[in-house]
>>> print(open('my_file-v1.txt').read())   # compact mmCIF, C-alpha atoms
# COMPACT_ATOMS: atom_id res chain seq x y z
CA MET W 487 6.93 -35.12 -1.44
CA SER W 488 4.61 -36.39 -4.20
CA ASP W 489 2.73 -34.24 -6.68
CA ASP W 490 -0.50 -35.49 -5.07
CA THR W 491 0.34 -33.76 -1.79
CA LYS W 492 2.03 -30.65 -3.06
CA ASN W 493 0.80 -28.14 -5.63
CA ASN W 494 1.89 -24.53 -6.13
CA GLY W 495 3.72 -24.55 -2.80
CA HIS W 496 0.71 -25.80 -0.78
CA ILE W 497 0.68 -29.03 1.17
CA HIS W 498 -2.71 -30.77 1.03
CA LEU W 499 -4.06 -32.54 4.10
CA GLY W 500 -6.42 -35.43 3.52
CA ASN W 501 -7.46 -35.97 7.14
CA ARG W 502 -10.32 -33.75 8.34
CA GLU W 503 -9.13 -33.68 11.96
CA ALA W 504 -5.65 -32.61 10.88
CA SER W 505 -7.09 -29.93 8.60
CA GLU W 506 -9.26 -28.53 11.39
CA LEU W 507 -6.27 -28.50 13.74
CA VAL W 508 -4.28 -26.47 11.22
CA GLU W 509 -7.18 -24.04 10.66
CA ASP W 510 -7.56 -23.51 14.41
CA ALA W 511 -3.82 -22.86 14.75
CA ILE W 512 -3.90 -20.30 11.91
CA VAL W 513 -6.86 -18.48 13.46
CA HIS W 514 -5.01 -18.38 16.78
CA LEU W 515 -1.90 -17.03 15.04
CA TRP W 516 -3.96 -14.27 13.42
CA SER W 517 -5.31 -13.38 16.85
CA VAL W 518 -1.76 -13.05 18.18
CA VAL W 519 -0.81 -10.81 15.23
CA ASN W 520 -3.87 -8.63 15.85
CA ASP W 521 -2.93 -8.24 19.51
CA LEU W 522 0.66 -7.32 18.65
CA ASN W 523 -0.58 -4.82 16.08
CA ARG W 524 -2.31 -2.85 18.84
CA LEU W 525 1.15 -1.82 20.09
CA GLN W 526 1.78 1.59 18.54
CA ASP W 527 4.54 4.14 18.94
CA LEU W 528 3.00 7.19 20.61
CA CYS W 529 5.78 9.44 19.26
CA PRO W 530 6.51 8.18 15.73
CA ARG W 531 9.74 9.48 14.23
CA HIS W 532 9.26 8.58 10.57
CA TYR W 533 6.64 9.79 8.10
CA ARG W 534 6.21 7.18 5.37
CA VAL W 535 4.31 7.45 2.09
CA SER W 536 3.26 4.33 0.20
CA ILE W 537 3.14 4.80 -3.57
CA PHE W 538 1.03 2.21 -5.38
CA GLY W 539 1.44 1.87 -9.15
CA SER W 540 1.97 -0.37 -12.15
CA ALA W 541 4.83 -2.86 -12.41
CA ARG W 542 4.59 -2.75 -16.21
CA LEU W 543 5.54 0.82 -17.12
CA GLN W 544 9.15 1.17 -18.24
CA PRO W 545 11.72 3.91 -17.50
CA ASP W 546 11.13 5.52 -20.92
CA ASP W 547 7.45 6.13 -20.09
CA PRO W 548 6.63 9.74 -19.09
CA ILE W 549 4.68 8.49 -16.07
CA TYR W 550 7.83 6.78 -14.77
CA ALA W 551 9.61 10.13 -14.71
CA GLU W 552 6.67 11.79 -12.96
CA VAL W 553 6.56 9.16 -10.21
CA ARG W 554 10.35 9.33 -9.77
CA ASP W 555 10.05 13.11 -9.38
CA LEU W 556 7.15 12.72 -6.94
CA ALA W 557 9.16 10.40 -4.70
CA ALA W 558 12.29 12.55 -4.94
CA ARG W 559 10.39 15.62 -3.80
CA LEU W 560 8.73 13.72 -0.96
CA ALA W 561 12.10 12.37 0.19
CA ALA W 562 13.49 15.90 0.15
CA LEU W 563 10.64 16.81 2.51
CA GLY W 564 11.75 14.05 4.90
CA CYS W 565 9.33 11.29 3.85
CA ASP W 566 10.32 7.64 3.64
CA ILE W 567 8.99 5.97 0.48
CA VAL W 568 7.25 2.59 0.56
CA THR W 569 6.49 0.50 -2.53
CA GLY W 570 5.89 -3.10 -3.50
CA GLY W 571 9.60 -3.36 -4.25
CA GLY W 572 9.17 -4.52 -7.84
CA PRO W 573 9.76 -3.01 -11.29
CA GLY W 574 7.85 -0.29 -13.13
CA LEU W 575 6.44 2.57 -11.10
CA MET W 576 7.52 0.87 -7.89
CA GLN W 577 11.10 1.14 -9.08
CA ALA W 578 10.49 4.75 -10.14
CA ALA W 579 9.38 5.63 -6.62
CA ASN W 580 12.29 3.85 -4.93
CA GLU W 581 14.70 5.46 -7.39
CA GLY W 582 13.17 8.87 -6.67
CA GLU W 583 13.74 8.42 -2.93
CA ASN W 584 17.41 7.73 -3.61
CA ILE W 585 17.68 10.89 -5.71
CA GLY W 586 15.82 13.10 -3.25
CA ASP W 587 17.78 11.92 -0.23
CA PRO W 588 21.50 12.14 -1.03
CA GLU W 589 22.39 12.36 2.68
CA GLY W 590 20.59 9.15 3.67
CA LYS W 591 18.12 10.75 6.06
CA THR W 592 15.09 8.89 4.68
CA ARG W 593 14.65 5.29 3.59
CA SER W 594 13.38 3.45 0.53
CA TYR W 595 11.22 0.43 1.46
CA GLY W 596 10.10 -2.50 -0.68
CA ILE W 597 7.34 -4.78 0.61
CA ARG W 598 7.41 -7.66 -1.83
CA VAL W 599 5.33 -10.77 -2.30
CA ASP W 600 6.87 -14.06 -3.41
CA LEU W 601 6.28 -14.31 -7.17
CA PRO W 602 8.08 -16.59 -9.65
CA PHE W 603 8.55 -13.75 -12.16
CA GLU W 604 9.95 -11.24 -9.62
CA GLU W 605 12.92 -12.94 -8.02
CA SER W 606 14.44 -9.88 -6.39
CA ALA W 607 13.68 -6.33 -5.34
CA ASN W 608 14.46 -3.45 -7.65
CA PRO W 609 17.99 -2.03 -7.15
CA TYR W 610 16.80 1.14 -5.37
CA VAL W 611 15.20 -0.61 -2.39
CA GLU W 612 17.15 0.00 0.81
CA LYS W 613 14.97 -1.99 3.23
CA ASN W 614 13.47 -5.13 1.74
CA TYR W 615 10.65 -7.31 3.12
CA LEU W 616 9.35 -10.49 1.48
CA HIS W 617 5.90 -11.95 2.17
CA GLY W 618 4.52 -15.33 1.18
CA THR W 619 0.95 -14.08 0.92
CA PHE W 620 -0.80 -10.98 -0.34
CA HIS W 621 -2.88 -10.55 2.81
CA SER W 622 0.15 -10.32 5.13
CA ARG W 623 1.82 -7.98 2.65
CA LEU W 624 -1.23 -5.69 2.58
CA HIS W 625 -1.27 -5.67 6.38
CA HIS W 626 2.37 -4.57 6.34
CA PHE W 627 1.62 -1.66 3.98
CA ILE W 628 -1.09 -0.45 6.35
CA ARG W 629 1.06 -0.75 9.45
CA LEU W 630 4.07 0.99 7.94
CA SER W 631 2.46 3.94 6.14
CA SER W 632 1.31 7.41 7.13
CA ALA W 633 -0.22 8.23 3.74
CA PHE W 634 -0.97 6.56 0.41
CA ILE W 635 -0.59 7.88 -3.13
CA VAL W 636 -2.07 5.90 -6.02
CA VAL W 637 -0.69 6.44 -9.51
CA PRO W 638 -1.70 4.57 -12.69
CA GLY W 639 -1.75 0.84 -12.16
CA GLY W 640 -3.55 -2.42 -12.78
CA ILE W 641 -5.16 -5.17 -10.71
CA GLY W 642 -2.45 -5.26 -8.03
CA THR W 643 -2.61 -1.50 -7.57
CA THR W 644 -6.39 -1.70 -7.37
CA LEU W 645 -6.19 -4.44 -4.72
CA GLU W 646 -3.88 -2.32 -2.56
CA THR W 647 -6.05 0.76 -3.05
CA PHE W 648 -9.30 -0.91 -2.11
CA MET W 649 -7.73 -2.41 1.00
CA VAL W 650 -6.79 1.06 2.26
CA TRP W 651 -10.17 2.48 1.19
CA GLN W 652 -12.10 -0.25 3.01
CA LEU W 653 -10.17 0.30 6.25
CA LEU W 654 -10.82 4.04 6.06
CA GLN W 655 -14.49 3.35 5.42
CA VAL W 656 -14.90 1.24 8.55
CA GLU W 657 -12.51 3.46 10.57
CA HIS W 658 -9.98 0.74 11.26
CA ILE W 659 -7.52 3.40 10.17
CA THR W 660 -8.12 7.15 10.37
CA ASP W 661 -6.41 10.38 9.42
CA ARG W 662 -4.32 8.91 6.62
CA PRO W 663 -4.59 10.53 3.21
CA LEU W 664 -5.53 8.31 0.27
CA ILE W 665 -4.62 10.32 -2.82
CA PHE W 666 -5.55 9.33 -6.39
CA VAL W 667 -3.45 10.90 -9.15
CA GLY W 668 -4.87 10.97 -12.67
CA ASP W 669 -8.06 10.56 -14.68
CA MET W 670 -8.32 6.78 -14.41
CA TRP W 671 -9.09 7.03 -10.69
CA ARG W 672 -11.61 9.85 -11.16
CA GLU W 673 -13.50 7.51 -13.47
CA LEU W 674 -13.44 4.84 -10.76
CA ILE W 675 -14.91 7.30 -8.26
CA GLN W 676 -17.63 8.26 -10.72
CA TRP W 677 -18.40 4.60 -11.40
CA GLY W 678 -18.83 4.05 -7.66
CA ARG W 679 -21.09 7.06 -7.27
CA THR W 680 -23.25 5.87 -10.16
CA HIS W 681 -23.43 2.12 -9.67
CA LEU W 682 -22.87 1.68 -5.92
CA ALA W 683 -24.15 4.80 -4.19
CA GLY W 684 -26.67 5.38 -6.98
CA HIS W 685 -28.14 1.89 -6.84
CA ASN W 686 -31.64 1.46 -5.41
CA PRO W 687 -31.23 0.53 -2.61
CA PRO W 688 -27.69 2.00 -2.25
CA LEU W 689 -24.81 -0.49 -2.15
CA ALA W 690 -22.48 2.08 -0.57
CA SER W 691 -22.78 5.46 1.08
CA ILE W 692 -22.19 8.52 -1.08
CA LYS W 693 -19.74 9.81 1.55
CA ASP W 694 -17.51 6.78 0.93
CA PHE W 695 -16.53 8.34 -2.38
CA ASP W 696 -15.32 11.51 -0.71
CA MET W 697 -12.61 9.61 1.20
CA PRO W 698 -10.04 9.44 -1.59
CA GLN W 699 -8.66 12.82 -2.62
CA CYS W 700 -8.47 13.01 -6.42
CA VAL W 701 -5.82 15.25 -7.97
CA ASP W 702 -4.53 15.84 -11.49
CA THR W 703 -0.86 16.48 -10.77
CA ILE W 704 1.93 15.39 -8.47
CA ASP W 705 2.21 19.01 -7.29
CA GLU W 706 -1.28 18.73 -5.80
CA ALA W 707 -0.45 15.39 -4.19
CA ILE W 708 2.67 16.87 -2.59
CA GLU W 709 0.71 19.79 -1.13
CA ILE W 710 -1.69 17.34 0.57
CA ILE W 711 1.24 15.41 2.02
CA LYS W 712 2.91 18.62 3.23
CA ALA W 713 -0.21 19.66 5.13
CA HIS W 714 -0.68 16.22 6.66
CA LYS W 715 2.98 15.81 7.56
CA ALA W 716 2.90 19.15 9.41
CA LYS W 717 0.49 17.56 11.91
CA PHE W 718 2.55 14.38 12.21
CA SER W 719 4.57 15.44 15.26
CA ASP W 720 1.31 15.87 17.19
CA GLY W 721 0.78 12.08 17.25
CA SER W 722 0.50 8.98 15.13
CA PRO W 723 -2.42 8.54 12.75
CA SER W 724 -4.89 6.23 14.44
CA ILE W 725 -4.82 2.54 13.54
CA ARG W 726 -6.85 -0.38 14.80
CA TYR W 727 -6.28 -2.88 11.99
>>> encode(input="my_file-v1.txt", output="structure tokens")
Amino acid sequence: MSDDTKNNGHIHLGNREASELVEDAIVHLWSVVNDLNRLQDLCPRHYRVSIFGSARLQPDDPIYAEVRDLAARLAALGCDIVTGGGPGLMQAANEGENIGDPEGKTRSYGIRVDLPFEESANPYVEKNYLHGTFHSRLHHFIRLSSAFIVVPGGIGTTLETFMVWQLLQVEHITDRPLIFVGDMWRELIQWGRTHLAGHNPPLASIKDFDMPQCVDTIDEAIEIIKAHKAKFSDGSPSIRY
């Protein structure tokens, strides 16, 4: 295949009719996925917590140890741990699940995206998924998770966070905690209150900024998960995404 027809893994179609045929097929495929996604387990057996955080922080960083401890304590409570499967705080969370679950009762998930600089999952992932696109990967996070905890992170963490937040806003998912840990996320909430809800006319509703639960410590995050998990046996959190 020549360089003219292939670039960054994409095949370019020069014929308009062929391009439209492909677009129609993709839209139809998305429709099939949406229909399949409506199938939900009425009696879910596994409570899963996604932990979103930076790939850049190393094991000698104090935040790494905090996230590892967070995941270990959640695993000890019977929670599966879901991450992006990469290094940094994702690895910390997967490692913590391994520590907190010596008997193998919970599972450590990695939902990866195909990147040239991340060729494999971190060594603590027990169940590994690989996606070719970010949008299918984000969909998988939503489908798999009962709750979301956001620790310090960058653009990727922010992308994942806003996806969950948007779906809560429009009620495509309900009754799933979105927990922000640390000052950086409080500042984001305040920015939204000031520049979005505070704009004239408003660009967002003020109540949108009450959806995430902001906490200072992992202890507070764990208490929120404990309370939510206690209701879990009553039925699955609603999803329509």
>>> closest_residue(input="my_file-v1.txt", among="W:Pro573, W:Thr680, W:Leu616, W:Asp555", to="W:Gly586", atoms="all atoms listed in the file")
W:Asp555
>>> atom_distance(input="my_file-v1.txt", atom1="atom CA of W:Gly572", atom2="atom CA of W:Thr643")
12.2 Å
>>> residues_around(input="my_file-v1.txt", residues="W:Ile711", least_positions_apart="6", cutoff="9 Å", atoms="all atoms listed in the file", output="CSV table (one decimal) with C-alpha atoms, in the coordinates of the input")
chain,number,residue,atom,x,y,z
W,535,VAL,CA,4.3,7.4,2.1
W,560,LEU,CA,8.7,13.7,-1.0
W,633,ALA,CA,-0.2,8.2,3.7
W,663,PRO,CA,-4.6,10.5,3.2
>>> closest_residue(input="my_file-v1.txt", among="W:Lys693, W:His685, W:Lys613, W:Arg679", to="W:Ser594", atoms="all atoms listed in the file")
W:Lys613
>>> residues_around(input="my_file-v1.txt", residues="W:Pro638", least_positions_apart="6", cutoff="9 Å", atoms="only C-alpha atoms", output="PyMOL selection string")
chain W and resi 538-540+549+575+666-671
>>> atom_distance(input="my_file-v1.txt", atom1="atom CA of W:Ala558", atom2="atom CA of W:Lys591")
12.6 Å
>>> closest_residue(input="my_file-v1.txt", among="W:Gly684, W:Trp677, W:Lys717, W:Arg598", to="W:Gly618", atoms="only C-alpha atoms")
W:Arg598
>>> closest_residue(input="my_file-v1.txt", among="W:Ala562, W:Val611, W:Ile512, W:Ile567", to="W:Phe627", atoms="all atoms listed in the file")
W:Ile567
>>> closest_residue(input="my_file-v1.txt", among="W:Val636, W:His621, W:Glu646, W:Ala561", to="W:Thr703", atoms="only C-alpha atoms")
W:Val636
>>> atom_distance(input="my_file-v1.txt", atom1="atom CA of W:Met576", atom2="atom CA of W:Thr647")
14.4 Å
>>> decode(input="my_file-v1.txt", residues="stretch 503-624 of chain W", atoms="C-alpha atoms", output="mmCIF file, in the first residue's frame")
data_model
loop_
_atom_site.group_PDB
_atom_site.id
_atom_site.type_symbol
_atom_site.label_atom_id
_atom_site.label_comp_id
_atom_site.auth_asym_id
_atom_site.auth_seq_id
_atom_site.Cartn_x
_atom_site.Cartn_y
_atom_site.Cartn_z
ATOM 1 C CA GLU W 503 -19.475 6.945 -3.488
ATOM 2 C CA ALA W 504 -17.113 4.537 -1.747
ATOM 3 C CA SER W 505 -16.565 6.991 1.093
ATOM 4 C CA GLU W 506 -20.304 7.448 1.606
ATOM 5 C CA LEU W 507 -20.796 3.678 1.587
ATOM 6 C CA VAL W 508 -18.198 3.300 4.336
ATOM 7 C CA GLU W 509 -19.740 6.123 6.392
ATOM 8 C CA ASP W 510 -23.198 4.539 6.116
ATOM 9 C CA ALA W 511 -21.790 1.172 7.205
ATOM 10 C CA ILE W 512 -20.069 2.742 10.232
ATOM 11 C CA VAL W 513 -23.271 4.520 11.286
ATOM 12 C CA HIS W 514 -25.155 1.230 10.987
ATOM 13 C CA LEU W 515 -22.491 -0.524 13.066
ATOM 14 C CA TRP W 516 -22.822 2.132 15.783
ATOM 15 C CA SER W 517 -26.564 1.548 15.782
ATOM 16 C CA VAL W 518 -26.003 -2.174 16.332
ATOM 17 C CA VAL W 519 -23.611 -1.434 19.216
ATOM 18 C CA ASN W 520 -26.168 0.919 20.785
ATOM 19 C CA ASP W 521 -28.854 -1.756 20.570
ATOM 20 C CA LEU W 522 -26.587 -4.383 22.136
ATOM 21 C CA ASN W 523 -25.646 -1.953 24.896
ATOM 22 C CA ARG W 524 -29.280 -1.846 26.020
ATOM 23 C CA LEU W 525 -28.876 -5.433 27.260
ATOM 24 C CA GLN W 526 -28.088 -5.116 30.964
ATOM 25 C CA ASP W 527 -27.667 -7.641 33.742
ATOM 26 C CA LEU W 528 -30.563 -7.120 36.157
ATOM 27 C CA CYS W 529 -28.601 -8.766 38.995
ATOM 28 C CA PRO W 530 -24.991 -7.607 38.569
ATOM 29 C CA ARG W 531 -22.455 -9.587 40.576
ATOM 30 C CA HIS W 532 -19.418 -7.319 40.358
ATOM 31 C CA TYR W 533 -18.936 -3.775 41.652
ATOM 32 C CA ARG W 534 -16.240 -2.066 39.598
ATOM 33 C CA VAL W 535 -14.503 1.252 40.247
ATOM 34 C CA SER W 536 -12.687 3.064 37.449
ATOM 35 C CA ILE W 537 -9.716 5.109 38.629
ATOM 36 C CA PHE W 538 -8.621 7.804 36.181
ATOM 37 C CA GLY W 539 -5.180 9.369 36.647
ATOM 38 C CA SER W 540 -1.869 10.416 35.143
ATOM 39 C CA ALA W 541 0.354 8.044 33.179
ATOM 40 C CA ARG W 542 3.386 10.201 34.003
ATOM 41 C CA LEU W 543 3.760 9.917 37.774
ATOM 42 C CA GLN W 544 6.387 7.407 38.845
ATOM 43 C CA PRO W 545 6.372 4.868 41.711
ATOM 44 C CA ASP W 546 8.558 7.159 43.866
ATOM 45 C CA ASP W 547 5.902 9.909 43.782
ATOM 46 C CA PRO W 548 3.793 10.166 46.973
ATOM 47 C CA ILE W 549 0.603 10.269 44.890
ATOM 48 C CA TYR W 550 1.485 6.867 43.410
ATOM 49 C CA ALA W 551 1.512 5.367 46.904
ATOM 50 C CA GLU W 552 -1.808 7.024 47.758
ATOM 51 C CA VAL W 553 -3.525 5.658 44.643
ATOM 52 C CA ARG W 554 -2.062 2.187 45.256
ATOM 53 C CA ASP W 555 -3.447 2.318 48.808
ATOM 54 C CA LEU W 556 -6.825 3.542 47.540
ATOM 55 C CA ALA W 557 -7.145 0.627 45.121
ATOM 56 C CA ALA W 558 -5.920 -1.898 47.694
ATOM 57 C CA ARG W 559 -8.545 -0.789 50.187
ATOM 58 C CA LEU W 560 -11.285 -0.859 47.549
ATOM 59 C CA ALA W 561 -10.257 -4.367 46.480
ATOM 60 C CA ALA W 562 -10.389 -5.469 50.110
ATOM 61 C CA LEU W 563 -13.986 -4.216 50.131
ATOM 62 C CA GLY W 564 -14.768 -6.443 47.133
ATOM 63 C CA CYS W 565 -14.422 -3.881 44.326
ATOM 64 C CA ASP W 566 -12.878 -4.692 40.964
ATOM 65 C CA ILE W 567 -10.485 -1.966 39.784
ATOM 66 C CA VAL W 568 -10.600 -0.580 36.242
ATOM 67 C CA THR W 569 -7.890 1.625 34.723
ATOM 68 C CA GLY W 570 -6.505 2.561 31.335
ATOM 69 C CA GLY W 571 -3.988 -0.239 31.749
ATOM 70 C CA GLY W 572 -0.924 1.944 31.270
ATOM 71 C CA PRO W 573 1.886 3.233 33.502
ATOM 72 C CA GLY W 574 1.834 5.868 36.235
ATOM 73 C CA LEU W 575 -1.257 6.095 38.407
ATOM 74 C CA MET W 576 -2.994 3.487 36.276
ATOM 75 C CA GLN W 577 -0.294 1.033 37.273
ATOM 76 C CA ALA W 578 -0.579 2.173 40.902
ATOM 77 C CA ALA W 579 -4.285 1.338 40.909
ATOM 78 C CA ASN W 580 -3.828 -2.062 39.251
ATOM 79 C CA GLU W 581 -0.977 -2.847 41.641
ATOM 80 C CA GLY W 582 -3.155 -1.836 44.590
ATOM 81 C CA GLU W 583 -5.885 -4.244 43.490
ATOM 82 C CA ASN W 584 -3.344 -7.066 43.468
ATOM 83 C CA ILE W 585 -2.214 -6.152 46.986
ATOM 84 C CA GLY W 586 -5.721 -5.777 48.394
ATOM 85 C CA ASP W 587 -6.996 -9.027 46.923
ATOM 86 C CA PRO W 588 -4.545 -11.810 47.808
ATOM 87 C CA GLU W 589 -7.258 -14.472 47.416
ATOM 88 C CA GLY W 590 -8.196 -13.491 43.856
ATOM 89 C CA LYS W 591 -11.799 -12.563 44.596
ATOM 90 C CA THR W 592 -11.692 -9.301 42.633
ATOM 91 C CA ARG W 593 -10.132 -8.429 39.293
ATOM 92 C CA SER W 594 -7.758 -5.803 37.942
ATOM 93 C CA TYR W 595 -8.874 -4.486 34.522
ATOM 94 C CA GLY W 596 -6.932 -2.485 31.946
ATOM 95 C CA ILE W 597 -8.824 -0.818 29.093
ATOM 96 C CA ARG W 598 -6.051 0.312 26.793
ATOM 97 C CA VAL W 599 -5.940 2.279 23.578
ATOM 98 C CA ASP W 600 -3.462 1.465 20.818
ATOM 99 C CA LEU W 601 -0.544 3.894 21.238
ATOM 100 C CA PRO W 602 2.961 3.571 19.768
ATOM 101 C CA PHE W 603 4.609 4.519 23.078
ATOM 102 C CA GLU W 604 2.568 2.061 25.210
ATOM 103 C CA GLU W 605 3.108 -1.346 23.660
ATOM 104 C CA SER W 606 1.766 -3.428 26.519
ATOM 105 C CA ALA W 607 -0.347 -3.244 29.652
ATOM 106 C CA ASN W 608 1.275 -2.671 33.014
ATOM 107 C CA PRO W 609 2.254 -5.932 34.777
ATOM 108 C CA TYR W 610 -0.580 -5.762 37.336
ATOM 109 C CA VAL W 611 -3.446 -5.948 34.827
ATOM 110 C CA GLU W 612 -5.306 -9.252 35.063
ATOM 111 C CA LYS W 613 -7.916 -8.663 32.353
ATOM 112 C CA ASN W 614 -6.657 -6.671 29.384
ATOM 113 C CA TYR W 615 -8.673 -5.000 26.605
ATOM 114 C CA LEU W 616 -7.186 -3.104 23.658
ATOM 115 C CA HIS W 617 -9.108 -0.516 21.629
ATOM 116 C CA GLY W 618 -8.150 1.100 18.350
ATOM 117 C CA THR W 619 -9.994 4.332 19.116
ATOM 118 C CA PHE W 620 -10.553 6.534 22.131
ATOM 119 C CA HIS W 621 -14.320 6.713 21.636
ATOM 120 C CA SER W 622 -14.810 2.929 21.820
ATOM 121 C CA ARG W 623 -12.477 2.810 24.814
ATOM 122 C CA LEU W 624 -14.483 5.508 26.623
#
